[in-house]
Amino acid sequence: MKNTFIVYLLVIVGFFTWRCSAEPDGYHAIHSGINWFDQNNDEVNAHGACIVEEAGKYYLFGEYKTDSANMFIGFSCYSSTDLQNWKFEKIVLPQQKDGLLGPNRIGERVKVMKCPETGEFVMYMHTDDRRYMDPHTGYATCETIDGDYEFHGALLYNGEPIRKWDMGTFKDTDGKGYLLIHHGTIYELSSDYKSATRIVTSGQEGGESPAMFKSNGVYYWLSSDLTSWERNDNFYLTANCMEGPWTNRGTFAPEGTLTWNSQCSFVLPITNKMDTLFMYMGDRWSFPKQGSAATQVWQPISLNGESMLIPEFIESWRVDFSNATWTPDKLDKRPIKEEFKTMEGNWEVLKNLKVSNQKGAIATYAFNGRQVGLNAVSNNTSGYAKVIIRNSKKDEIINTIVDFYSKYEYSSLKFLSPLMEKGNYTISIEVMGEHGVWYNKAGDVFGSQNDFIMINDLFVVDN
């Protein structure tokens, strides 16, 4: 009887172990330029971001955006073990009652580094008023990576606040920390990372949103041009030491691709004992709907001597952590048949595209499977669409906004749901009759010229 009970217990444990291991991940790859969804099926909302590896996990920090106003709400933290599926931890630094991160203020470009001397996690950010007329570099600290960060105010250099705007950080292999400032200035940080001790270099050819990494003794300094929320051809400098001399190497993605429609934010080194893979992280901004429709562009970097390049856009790819390499991922997909769709409102068929700019026009597709995706065309007349997935009980599984805009025309994956329980679903794409448009300080207008949605095809993934 005792042996029978043990066998029975082992079967039960094995069954539940199998059930746990069989629980699906949300995604099987990194998919650039589309909305990602966390464990709650909410958009991953972390922009101007960075990633810190700690105790076998990756922690993503970013600006928690809204669709209503460009102001500081808080900095979010997500965790992952594979860089593909992200768990929302919490807002680790919320809006403060007053001061530099108080109401009606800006909080951007959040970066976190672990200080080797103290073991503390130190967070840096650009703070400002909503007219961008009161810039400061601020900092906060926490004993744990995903805990509640305490805001300490402005970062000081020679006893005075650093009154700059776009910023980034870099931690060298010797543990020294650096603050990168727009337009080509680098500050060295104190040993506790809580102040700046010297200006390492200034007046270089840097631009906005600086980022840096180091490979084989060469420093790579990335920046973007000044085009407000619009994407542009980002560029980089190289040097053999932080003091320089720095050499402008030009763009690192093919000219005219606007850095694959992104603005640089951070470079993550993915290391093992033998090698390092460097992952470019960029924002695909979507003003004014930054909270729901802005996305991330993460791409593997190719290095050759002192040259870096992202030569082609890898839509979906995976990291092999065992040897710090990457492989492209191809979705095992099948098209949704035309007889399973309904069209409401004014839609035209142009070169196999279903096209509409009529507010409220809806295309609905029924499907059976575990995952659904949408391919579409983007150009400078494209707008916003609301995308909703409902199950067989008509419960909403996903409700999000997708931005179809691009300054130049191309076709790509625009939406991919997380993996769901296999079943019957519908996906609807509704033309919102809205598009992104914004102005820089000089009053120049940017963004789309119309509200078109141009659907190419929808597909289902079964496994």
# chains A, B, ... in the order shown; residues from 1 in each chain; ligands from 1

$ closest_atom_pairs --of "segment 84-144 of chain A" --to "segment 47-68 of chain A" --cutoff "6 Å" --atoms "only C-alpha atoms" --output "CSV"
residue,atom,partner,partner_atom,distance
A:Arg109,CA,A:Gly48,CA,4.6
A:Val110,CA,A:Gly62,CA,5.8
A:Lys111,CA,A:Cys50,CA,5.6

$ write_last_selection --atoms "N, CA and C atoms" --output "compact mmCIF listing (two decimals), in the first residue's frame"
# COMPACT_ATOMS: atom_id res chain seq x y z
N ARG A 109 13.76 59.30 -20.14
CA ARG A 109 15.07 58.66 -20.34
C ARG A 109 15.57 57.94 -19.10
N VAL A 110 14.70 57.27 -18.36
CA VAL A 110 15.09 56.62 -17.12
C VAL A 110 16.17 55.55 -17.39
N LYS A 111 17.24 55.60 -16.59
CA LYS A 111 18.32 54.62 -16.67
C LYS A 111 18.70 54.18 -15.26

$ residues_around --residues "Met125 of chain A" --least-positions-apart "3" --cutoff "12 Å" --atoms "only C-alpha atoms" --output "PyMOL selection string"
chain A and resi 48-50+61-63+72+74-75+93+100-101+106-113+122+128+135-141+151-155+162-169+179-181+209

$ write_last_selection --atoms "C-alpha atoms" --output "PDB file, in the first residue's frame"
ATOM      1  CA  GLY A  48      13.110  55.710 -23.202  1.00  0.00           C
ATOM      2  CA  ALA A  49      14.104  52.464 -21.568  1.00  0.00           C
ATOM      3  CA  CYS A  50      17.033  50.451 -20.239  1.00  0.00           C
ATOM      4  CA  PHE A  61      12.724  50.199 -16.774  1.00  0.00           C
ATOM      5  CA  GLY A  62      10.931  52.862 -18.783  1.00  0.00           C
ATOM      6  CA  GLU A  63       8.631  55.847 -18.922  1.00  0.00           C
ATOM      7  CA  PHE A  72       5.417  62.279 -15.779  1.00  0.00           C
ATOM      8  CA  GLY A  74       5.883  57.207 -13.153  1.00  0.00           C
ATOM      9  CA  PHE A  75       8.687  54.874 -14.158  1.00  0.00           C
ATOM     10  CA  LEU A  93       9.019  55.634  -8.928  1.00  0.00           C
ATOM     11  CA  LEU A 100      11.255  68.131 -10.001  1.00  0.00           C
ATOM     12  CA  LEU A 101       9.016  65.086 -10.521  1.00  0.00           C
ATOM     13  CA  ILE A 106       8.298  65.730 -17.377  1.00  0.00           C
ATOM     14  CA  GLY A 107      10.226  62.568 -16.450  1.00  0.00           C
ATOM     15  CA  GLU A 108      12.137  60.903 -19.292  1.00  0.00           C
ATOM     16  CA  ARG A 109      15.069  58.665 -20.344  1.00  0.00           C
ATOM     17  CA  VAL A 110      15.092  56.621 -17.124  1.00  0.00           C
ATOM     18  CA  LYS A 111      18.325  54.617 -16.670  1.00  0.00           C
ATOM     19  CA  VAL A 112      19.360  52.338 -13.785  1.00  0.00           C
ATOM     20  CA  MET A 113      22.807  51.072 -12.777  1.00  0.00           C
ATOM     21  CA  VAL A 122      20.785  54.184  -8.765  1.00  0.00           C
ATOM     22  CA  ASP A 128      11.638  69.207 -16.858  1.00  0.00           C
ATOM     23  CA  PRO A 135      15.814  70.821 -17.438  1.00  0.00           C
ATOM     24  CA  HIS A 136      17.569  68.872 -14.678  1.00  0.00           C
ATOM     25  CA  THR A 137      19.220  65.481 -14.389  1.00  0.00           C
ATOM     26  CA  GLY A 138      17.677  63.816 -11.347  1.00  0.00           C
ATOM     27  CA  TYR A 139      18.459  60.629  -9.454  1.00  0.00           C
ATOM     28  CA  ALA A 140      16.818  58.094  -7.122  1.00  0.00           C
ATOM     29  CA  THR A 141      18.066  55.038  -5.213  1.00  0.00           C
ATOM     30  CA  PHE A 151      13.896  60.377  -5.345  1.00  0.00           C
ATOM     31  CA  HIS A 152      16.734  62.632  -4.127  1.00  0.00           C
ATOM     32  CA  GLY A 153      16.394  65.564  -6.521  1.00  0.00           C
ATOM     33  CA  ALA A 154      18.998  66.949  -8.922  1.00  0.00           C
ATOM     34  CA  LEU A 155      22.327  65.273  -9.609  1.00  0.00           C
ATOM     35  CA  ILE A 162      23.270  69.470 -13.961  1.00  0.00           C
ATOM     36  CA  ARG A 163      20.811  71.508 -16.014  1.00  0.00           C
ATOM     37  CA  LYS A 164      20.676  69.379 -19.159  1.00  0.00           C
ATOM     38  CA  TRP A 165      17.920  67.486 -20.935  1.00  0.00           C
ATOM     39  CA  ASP A 166      18.354  64.240 -22.929  1.00  0.00           C
ATOM     40  CA  MET A 167      20.664  61.864 -21.087  1.00  0.00           C
ATOM     41  CA  GLY A 168      21.858  58.278 -20.890  1.00  0.00           C
ATOM     42  CA  THR A 169      24.249  56.246 -18.760  1.00  0.00           C
ATOM     43  CA  LEU A 179      26.416  60.194 -17.451  1.00  0.00           C
ATOM     44  CA  LEU A 180      25.943  60.886 -21.174  1.00  0.00           C
ATOM     45  CA  ILE A 181      24.400  64.211 -22.119  1.00  0.00           C
ATOM     46  CA  SER A 209      19.010  60.226 -26.588  1.00  0.00           C
TER      47      SER A 209
END

$ residues_around --residues "Tyr384 of chain A" --least-positions-apart "3" --cutoff "6 Å" --atoms "only C-alpha atoms" --output "list in words"
Val402, Asp403, Met432, Glu434 and His435 of chain A

$ write_last_selection --atoms "C-alpha atoms" --output "tab-separated table (two decimals), in the first residue's frame"
chain	number	residue	atom	x	y	z
A	402	VAL	CA	-2.09	50.17	-33.33
A	403	ASP	CA	-0.23	52.97	-35.13
A	432	MET	CA	-10.31	55.45	-35.50
A	434	GLU	CA	-7.25	59.79	-36.02
A	435	HIS	CA	-3.55	60.08	-36.78

$ closest_atom_pairs --of "segment 356-391 of chain A" --to "segment 26-37 of chain A" --cutoff "12 Å" --atoms "only C-alpha atoms" --output "Markdown table"
| residue | atom | partner | partner_atom | distance |
| --- | --- | --- | --- | --- |
| A:Arg370 | CA | A:Gly26 | CA | 10.3 |
| A:Gln371 | CA | A:Gly26 | CA | 9.4 |
| A:Val372 | CA | A:Tyr27 | CA | 11.7 |
| A:Gly373 | CA | A:Ile34 | CA | 10.4 |
| A:Leu374 | CA | A:Ile34 | CA | 10.2 |
| A:Asn375 | CA | A:Ile34 | CA | 10.8 |
| A:Ala376 | CA | A:Ile34 | CA | 11.8 |
| A:Ser378 | CA | A:Gly33 | CA | 11.9 |
| A:Val387 | CA | A:Asn35 | CA | 10.9 |

$ write_last_selection --atoms "N, CA, C and O atoms" --output "PDB file, in the first residue's frame"
ATOM      1  N   ARG A 370      -4.497  29.774 -31.564  1.00  0.00           N
ATOM      2  CA  ARG A 370      -3.914  30.240 -30.306  1.00  0.00           C
ATOM      3  C   ARG A 370      -3.307  31.632 -30.400  1.00  0.00           C
ATOM      4  O   ARG A 370      -3.051  32.265 -29.385  1.00  0.00           O
ATOM      5  N   GLN A 371      -3.080  32.100 -31.625  1.00  0.00           N
ATOM      6  CA  GLN A 371      -2.417  33.384 -31.799  1.00  0.00           C
ATOM      7  C   GLN A 371      -2.834  33.955 -33.145  1.00  0.00           C
ATOM      8  O   GLN A 371      -2.994  33.222 -34.119  1.00  0.00           O
ATOM      9  N   VAL A 372      -2.998  35.275 -33.194  1.00  0.00           N
ATOM     10  CA  VAL A 372      -3.418  35.900 -34.443  1.00  0.00           C
ATOM     11  C   VAL A 372      -2.525  37.107 -34.713  1.00  0.00           C
ATOM     12  O   VAL A 372      -2.101  37.812 -33.790  1.00  0.00           O
ATOM     13  N   GLY A 373      -2.222  37.310 -35.990  1.00  0.00           N
ATOM     14  CA  GLY A 373      -1.355  38.412 -36.384  1.00  0.00           C
ATOM     15  C   GLY A 373      -1.924  39.172 -37.563  1.00  0.00           C
ATOM     16  O   GLY A 373      -2.797  38.673 -38.291  1.00  0.00           O
ATOM     17  N   LEU A 374      -1.403  40.382 -37.750  1.00  0.00           N
ATOM     18  CA  LEU A 374      -1.873  41.279 -38.800  1.00  0.00           C
ATOM     19  C   LEU A 374      -0.687  41.868 -39.539  1.00  0.00           C
ATOM     20  O   LEU A 374       0.211  42.458 -38.926  1.00  0.00           O
ATOM     21  N   ASN A 375      -0.665  41.707 -40.851  1.00  0.00           N
ATOM     22  CA  ASN A 375       0.294  42.383 -41.715  1.00  0.00           C
ATOM     23  C   ASN A 375      -0.408  43.540 -42.423  1.00  0.00           C
ATOM     24  O   ASN A 375      -1.564  43.404 -42.851  1.00  0.00           O
ATOM     25  N   ALA A 376       0.280  44.663 -42.542  1.00  0.00           N
ATOM     26  CA  ALA A 376      -0.345  45.831 -43.147  1.00  0.00           C
ATOM     27  C   ALA A 376       0.716  46.744 -43.744  1.00  0.00           C
ATOM     28  O   ALA A 376       1.917  46.561 -43.535  1.00  0.00           O
ATOM     29  N   SER A 378       2.296  50.587 -44.076  1.00  0.00           N
ATOM     30  CA  SER A 378       2.445  51.883 -43.412  1.00  0.00           C
ATOM     31  C   SER A 378       2.961  52.902 -44.409  1.00  0.00           C
ATOM     32  O   SER A 378       3.823  52.587 -45.241  1.00  0.00           O
ATOM     33  N   VAL A 387      -7.715  47.680 -32.143  1.00  0.00           N
ATOM     34  CA  VAL A 387      -7.712  46.241 -32.374  1.00  0.00           C
ATOM     35  C   VAL A 387      -8.244  45.547 -31.136  1.00  0.00           C
ATOM     36  O   VAL A 387      -7.726  45.750 -30.029  1.00  0.00           O
TER      37      VAL A 387
END

$ select_by_dssp --residues "segment 207-366 of chain A" --states "helix (DSSP H, G or I)" --output "count of residues only"
11

$ closest_atom_pairs --of "segment 77-124 of chain A" --to "segment 183-190 of chain A" --cutoff "12 Å" --atoms "only C-alpha atoms" --output "CSV"
residue,atom,partner,partner_atom,distance
A:Met113,CA,A:Leu189,CA,11.4
A:Cys115,CA,A:Ser190,CA,10.0
A:Pro116,CA,A:Ser190,CA,11.4
A:Glu117,CA,A:Ser190,CA,10.1
A:Thr118,CA,A:Ser190,CA,11.5
A:Val122,CA,A:Leu189,CA,11.3
A:Tyr124,CA,A:Leu189,CA,11.6

$ closest_residue --among "A:Pro418, A:Pro245, A:Pro328, A:Gly383" --to "Phe404 of chain A" --atoms "only C-alpha atoms"
A:Gly383

$ residues_around --residues "segment 216-218 of chain A" --least-positions-apart "2" --cutoff "10 Å" --atoms "only C-alpha atoms" --output "number ranges by chain"
A: 173, 213-214, 220-221, 238-242, 305-307

$ residues_around --residues "Ser224 of chain A" --least-positions-apart "4" --cutoff "7 Å" --atoms "only C-alpha atoms" --output "mmCIF file with N, CA and C atoms, in the first residue's frame"
data_model
loop_
_atom_site.group_PDB
_atom_site.id
_atom_site.type_symbol
_atom_site.label_atom_id
_atom_site.label_comp_id
_atom_site.auth_asym_id
_atom_site.auth_seq_id
_atom_site.Cartn_x
_atom_site.Cartn_y
_atom_site.Cartn_z
ATOM 1 N N GLY A 207 24.051 63.906 -30.386
ATOM 2 C CA GLY A 207 22.720 64.446 -30.571
ATOM 3 C C GLY A 207 21.846 64.126 -29.378
ATOM 4 N N GLU A 208 20.600 63.744 -29.645
ATOM 5 C CA GLU A 208 19.656 63.399 -28.591
ATOM 6 C C GLU A 208 19.785 61.935 -28.196
ATOM 7 N N SER A 209 19.173 61.603 -27.057
ATOM 8 C CA SER A 209 19.010 60.226 -26.588
ATOM 9 C C SER A 209 20.305 59.412 -26.669
ATOM 10 N N ASN A 232 14.526 59.245 -37.152
ATOM 11 C CA ASN A 232 15.544 59.760 -38.070
ATOM 12 C C ASN A 232 16.690 58.764 -38.170
ATOM 13 N N ASP A 233 17.635 59.055 -39.051
ATOM 14 C CA ASP A 233 18.810 58.195 -39.214
ATOM 15 C C ASP A 233 19.796 58.482 -38.084
ATOM 16 N N ASN A 234 19.790 57.636 -37.066
ATOM 17 C CA ASN A 234 20.703 57.790 -35.935
ATOM 18 C C ASN A 234 22.144 57.544 -36.375
ATOM 19 N N PHE A 235 23.100 58.041 -35.588
ATOM 20 C CA PHE A 235 24.508 57.937 -35.953
ATOM 21 C C PHE A 235 25.329 57.545 -34.724
ATOM 22 N N GLN A 263 14.215 55.507 -32.479
ATOM 23 C CA GLN A 263 15.206 56.392 -31.878
ATOM 24 C C GLN A 263 15.950 55.618 -30.807
ATOM 25 N N CYS A 264 17.281 55.648 -30.853
ATOM 26 C CA CYS A 264 18.087 54.861 -29.926
ATOM 27 C C CYS A 264 17.784 55.245 -28.480
#

$ select_by_dssp --residues "segment 365-424 of chain A" --states "strand (DSSP E or B)" --output "PyMOL selection string"
chain A and resi 365-369+371-379+382+384-391+396-403+405+410-416+423-424

$ residues_around --residues "Leu353 of chain A" --least-positions-apart "2" --cutoff "12 Å" --atoms "only C-alpha atoms" --output "PyMOL selection string"
chain A and resi 347-351+355-356+375-378+411+452-458

$ write_last_selection --atoms "N, CA, C and O atoms" --output "PDB file, in the first residue's frame"
ATOM      1  N   TRP A 347     -14.858  50.289 -47.283  1.00  0.00           N
ATOM      2  CA  TRP A 347     -13.546  49.696 -47.518  1.00  0.00           C
ATOM      3  C   TRP A 347     -13.349  49.521 -49.020  1.00  0.00           C
ATOM      4  O   TRP A 347     -14.253  49.083 -49.726  1.00  0.00           O
ATOM      5  N   GLU A 348     -12.163  49.840 -49.514  1.00  0.00           N
ATOM      6  CA  GLU A 348     -11.803  49.594 -50.906  1.00  0.00           C
ATOM      7  C   GLU A 348     -10.749  48.501 -50.968  1.00  0.00           C
ATOM      8  O   GLU A 348      -9.955  48.323 -50.036  1.00  0.00           O
ATOM      9  N   VAL A 349     -10.754  47.755 -52.063  1.00  0.00           N
ATOM     10  CA  VAL A 349      -9.721  46.745 -52.306  1.00  0.00           C
ATOM     11  C   VAL A 349      -8.783  47.287 -53.365  1.00  0.00           C
ATOM     12  O   VAL A 349      -9.182  47.495 -54.517  1.00  0.00           O
ATOM     13  N   LEU A 350      -7.532  47.555 -52.966  1.00  0.00           N
ATOM     14  CA  LEU A 350      -6.532  48.114 -53.870  1.00  0.00           C
ATOM     15  C   LEU A 350      -5.276  47.255 -53.811  1.00  0.00           C
ATOM     16  O   LEU A 350      -4.610  47.195 -52.777  1.00  0.00           O
ATOM     17  N   LYS A 351      -4.960  46.564 -54.914  1.00  0.00           N
ATOM     18  CA  LYS A 351      -3.771  45.711 -54.977  1.00  0.00           C
ATOM     19  C   LYS A 351      -3.724  44.747 -53.794  1.00  0.00           C
ATOM     20  O   LYS A 351      -2.722  44.640 -53.080  1.00  0.00           O
ATOM     21  N   VAL A 355      -8.568  48.874 -47.730  1.00  0.00           N
ATOM     22  CA  VAL A 355      -8.176  50.236 -47.381  1.00  0.00           C
ATOM     23  C   VAL A 355      -9.395  51.047 -46.953  1.00  0.00           C
ATOM     24  O   VAL A 355     -10.433  51.021 -47.622  1.00  0.00           O
ATOM     25  N   SER A 356      -9.235  51.779 -45.833  1.00  0.00           N
ATOM     26  CA  SER A 356     -10.290  52.687 -45.413  1.00  0.00           C
ATOM     27  C   SER A 356      -9.705  53.792 -44.543  1.00  0.00           C
ATOM     28  O   SER A 356      -8.766  53.558 -43.784  1.00  0.00           O
ATOM     29  N   ASN A 375      -0.665  41.707 -40.851  1.00  0.00           N
ATOM     30  CA  ASN A 375       0.294  42.383 -41.715  1.00  0.00           C
ATOM     31  C   ASN A 375      -0.408  43.540 -42.423  1.00  0.00           C
ATOM     32  O   ASN A 375      -1.564  43.404 -42.851  1.00  0.00           O
ATOM     33  N   ALA A 376       0.280  44.663 -42.542  1.00  0.00           N
ATOM     34  CA  ALA A 376      -0.345  45.831 -43.147  1.00  0.00           C
ATOM     35  C   ALA A 376       0.716  46.744 -43.744  1.00  0.00           C
ATOM     36  O   ALA A 376       1.917  46.561 -43.535  1.00  0.00           O
ATOM     37  N   VAL A 377       0.252  47.747 -44.456  1.00  0.00           N
ATOM     38  CA  VAL A 377       1.126  48.729 -45.079  1.00  0.00           C
ATOM     39  C   VAL A 377       1.126  50.006 -44.245  1.00  0.00           C
ATOM     40  O   VAL A 377       0.081  50.447 -43.752  1.00  0.00           O
ATOM     41  N   SER A 378       2.296  50.587 -44.076  1.00  0.00           N
ATOM     42  CA  SER A 378       2.445  51.883 -43.412  1.00  0.00           C
ATOM     43  C   SER A 378       2.961  52.902 -44.409  1.00  0.00           C
ATOM     44  O   SER A 378       3.823  52.587 -45.241  1.00  0.00           O
ATOM     45  N   SER A 411       5.702  47.430 -45.876  1.00  0.00           N
ATOM     46  CA  SER A 411       4.731  46.466 -45.358  1.00  0.00           C
ATOM     47  C   SER A 411       5.404  45.596 -44.307  1.00  0.00           C
ATOM     48  O   SER A 411       6.558  45.189 -44.471  1.00  0.00           O
ATOM     49  N   PHE A 452      -5.645  56.681 -42.948  1.00  0.00           N
ATOM     50  CA  PHE A 452      -5.838  55.414 -43.652  1.00  0.00           C
ATOM     51  C   PHE A 452      -5.323  54.207 -42.863  1.00  0.00           C
ATOM     52  O   PHE A 452      -4.263  54.261 -42.224  1.00  0.00           O
ATOM     53  N   ILE A 453      -6.084  53.112 -42.955  1.00  0.00           N
ATOM     54  CA  ILE A 453      -5.658  51.790 -42.500  1.00  0.00           C
ATOM     55  C   ILE A 453      -5.637  50.896 -43.730  1.00  0.00           C
ATOM     56  O   ILE A 453      -6.637  50.813 -44.461  1.00  0.00           O
ATOM     57  N   MET A 454      -4.492  50.229 -43.982  1.00  0.00           N
ATOM     58  CA  MET A 454      -4.315  49.413 -45.179  1.00  0.00           C
ATOM     59  C   MET A 454      -3.929  47.989 -44.773  1.00  0.00           C
ATOM     60  O   MET A 454      -2.759  47.707 -44.498  1.00  0.00           O
ATOM     61  N   ILE A 455      -4.938  47.128 -44.705  1.00  0.00           N
ATOM     62  CA  ILE A 455      -4.735  45.757 -44.241  1.00  0.00           C
ATOM     63  C   ILE A 455      -4.249  44.895 -45.400  1.00  0.00           C
ATOM     64  O   ILE A 455      -4.863  44.869 -46.475  1.00  0.00           O
ATOM     65  N   ASN A 456      -3.180  44.160 -45.165  1.00  0.00           N
ATOM     66  CA  ASN A 456      -2.674  43.222 -46.160  1.00  0.00           C
ATOM     67  C   ASN A 456      -3.294  41.844 -45.939  1.00  0.00           C
ATOM     68  O   ASN A 456      -4.038  41.351 -46.773  1.00  0.00           O
ATOM     69  N   ASP A 457      -3.002  41.224 -44.814  1.00  0.00           N
ATOM     70  CA  ASP A 457      -3.595  39.929 -44.507  1.00  0.00           C
ATOM     71  C   ASP A 457      -3.550  39.660 -43.009  1.00  0.00           C
ATOM     72  O   ASP A 457      -2.773  40.300 -42.270  1.00  0.00           O
ATOM     73  N   LEU A 458      -4.388  38.758 -42.565  1.00  0.00           N
ATOM     74  CA  LEU A 458      -4.375  38.275 -41.184  1.00  0.00           C
ATOM     75  C   LEU A 458      -4.051  36.794 -41.197  1.00  0.00           C
ATOM     76  O   LEU A 458      -4.376  36.072 -42.152  1.00  0.00           O
TER      77      LEU A 458
END

$ decode --residues "segment 95-148 of chain A" --atoms "C-alpha atoms" --output "CSV table (one decimal), in the first residue's frame"
chain,number,residue,atom,x,y,z
A,95,GLN,CA,4.8,61.1,-9.6
A,96,GLN,CA,6.0,63.0,-6.5
A,97,LYS,CA,3.8,65.4,-4.5
A,98,ASP,CA,6.0,68.4,-5.6
A,99,GLY,CA,9.4,69.2,-6.9
A,100,LEU,CA,11.3,68.1,-10.0
A,101,LEU,CA,9.0,65.1,-10.5
A,102,GLY,CA,5.8,66.6,-9.2
A,103,PRO,CA,2.5,67.3,-11.0
A,104,ASN,CA,2.7,68.7,-14.5
A,105,ARG,CA,6.4,67.8,-14.9
A,106,ILE,CA,8.3,65.7,-17.4
A,107,GLY,CA,10.2,62.6,-16.5
A,108,GLU,CA,12.1,60.9,-19.3
A,109,ARG,CA,15.1,58.7,-20.3
A,110,VAL,CA,15.1,56.6,-17.1
A,111,LYS,CA,18.3,54.6,-16.7
A,112,VAL,CA,19.4,52.3,-13.8
A,113,MET,CA,22.8,51.1,-12.8
A,114,LYS,CA,23.9,49.0,-9.8
A,115,CYS,CA,26.7,50.7,-7.9
A,116,PRO,CA,29.7,48.3,-7.3
A,117,GLU,CA,30.8,50.2,-4.2
A,118,THR,CA,27.4,50.4,-2.3
A,119,GLY,CA,25.4,47.6,-4.0
A,120,GLU,CA,22.6,50.2,-4.4
A,121,PHE,CA,20.6,50.6,-7.6
A,122,VAL,CA,20.8,54.2,-8.8
A,123,MET,CA,18.2,55.6,-11.2
A,124,TYR,CA,18.8,58.6,-13.4
A,125,MET,CA,16.3,60.6,-15.4
A,126,HIS,CA,15.7,63.9,-17.3
A,127,THR,CA,13.2,66.1,-15.4
A,128,ASP,CA,11.6,69.2,-16.9
A,129,ASP,CA,8.6,71.4,-17.1
A,130,ARG,CA,6.1,70.7,-19.8
A,131,ARG,CA,7.5,73.4,-22.0
A,132,TYR,CA,11.0,71.9,-21.7
A,133,MET,CA,12.3,75.1,-20.2
A,134,ASP,CA,13.5,73.8,-16.8
A,135,PRO,CA,15.8,70.8,-17.4
A,136,HIS,CA,17.6,68.9,-14.7
A,137,THR,CA,19.2,65.5,-14.4
A,138,GLY,CA,17.7,63.8,-11.3
A,139,TYR,CA,18.5,60.6,-9.5
A,140,ALA,CA,16.8,58.1,-7.1
A,141,THR,CA,18.1,55.0,-5.2
A,142,CYS,CA,16.8,51.7,-4.0
A,143,GLU,CA,18.3,48.7,-2.1
A,144,THR,CA,16.6,46.2,-4.4
A,145,ILE,CA,16.2,46.4,-8.1
A,146,ASP,CA,12.4,46.2,-8.3
A,147,GLY,CA,11.7,48.0,-5.0
A,148,ASP,CA,10.4,51.5,-4.3
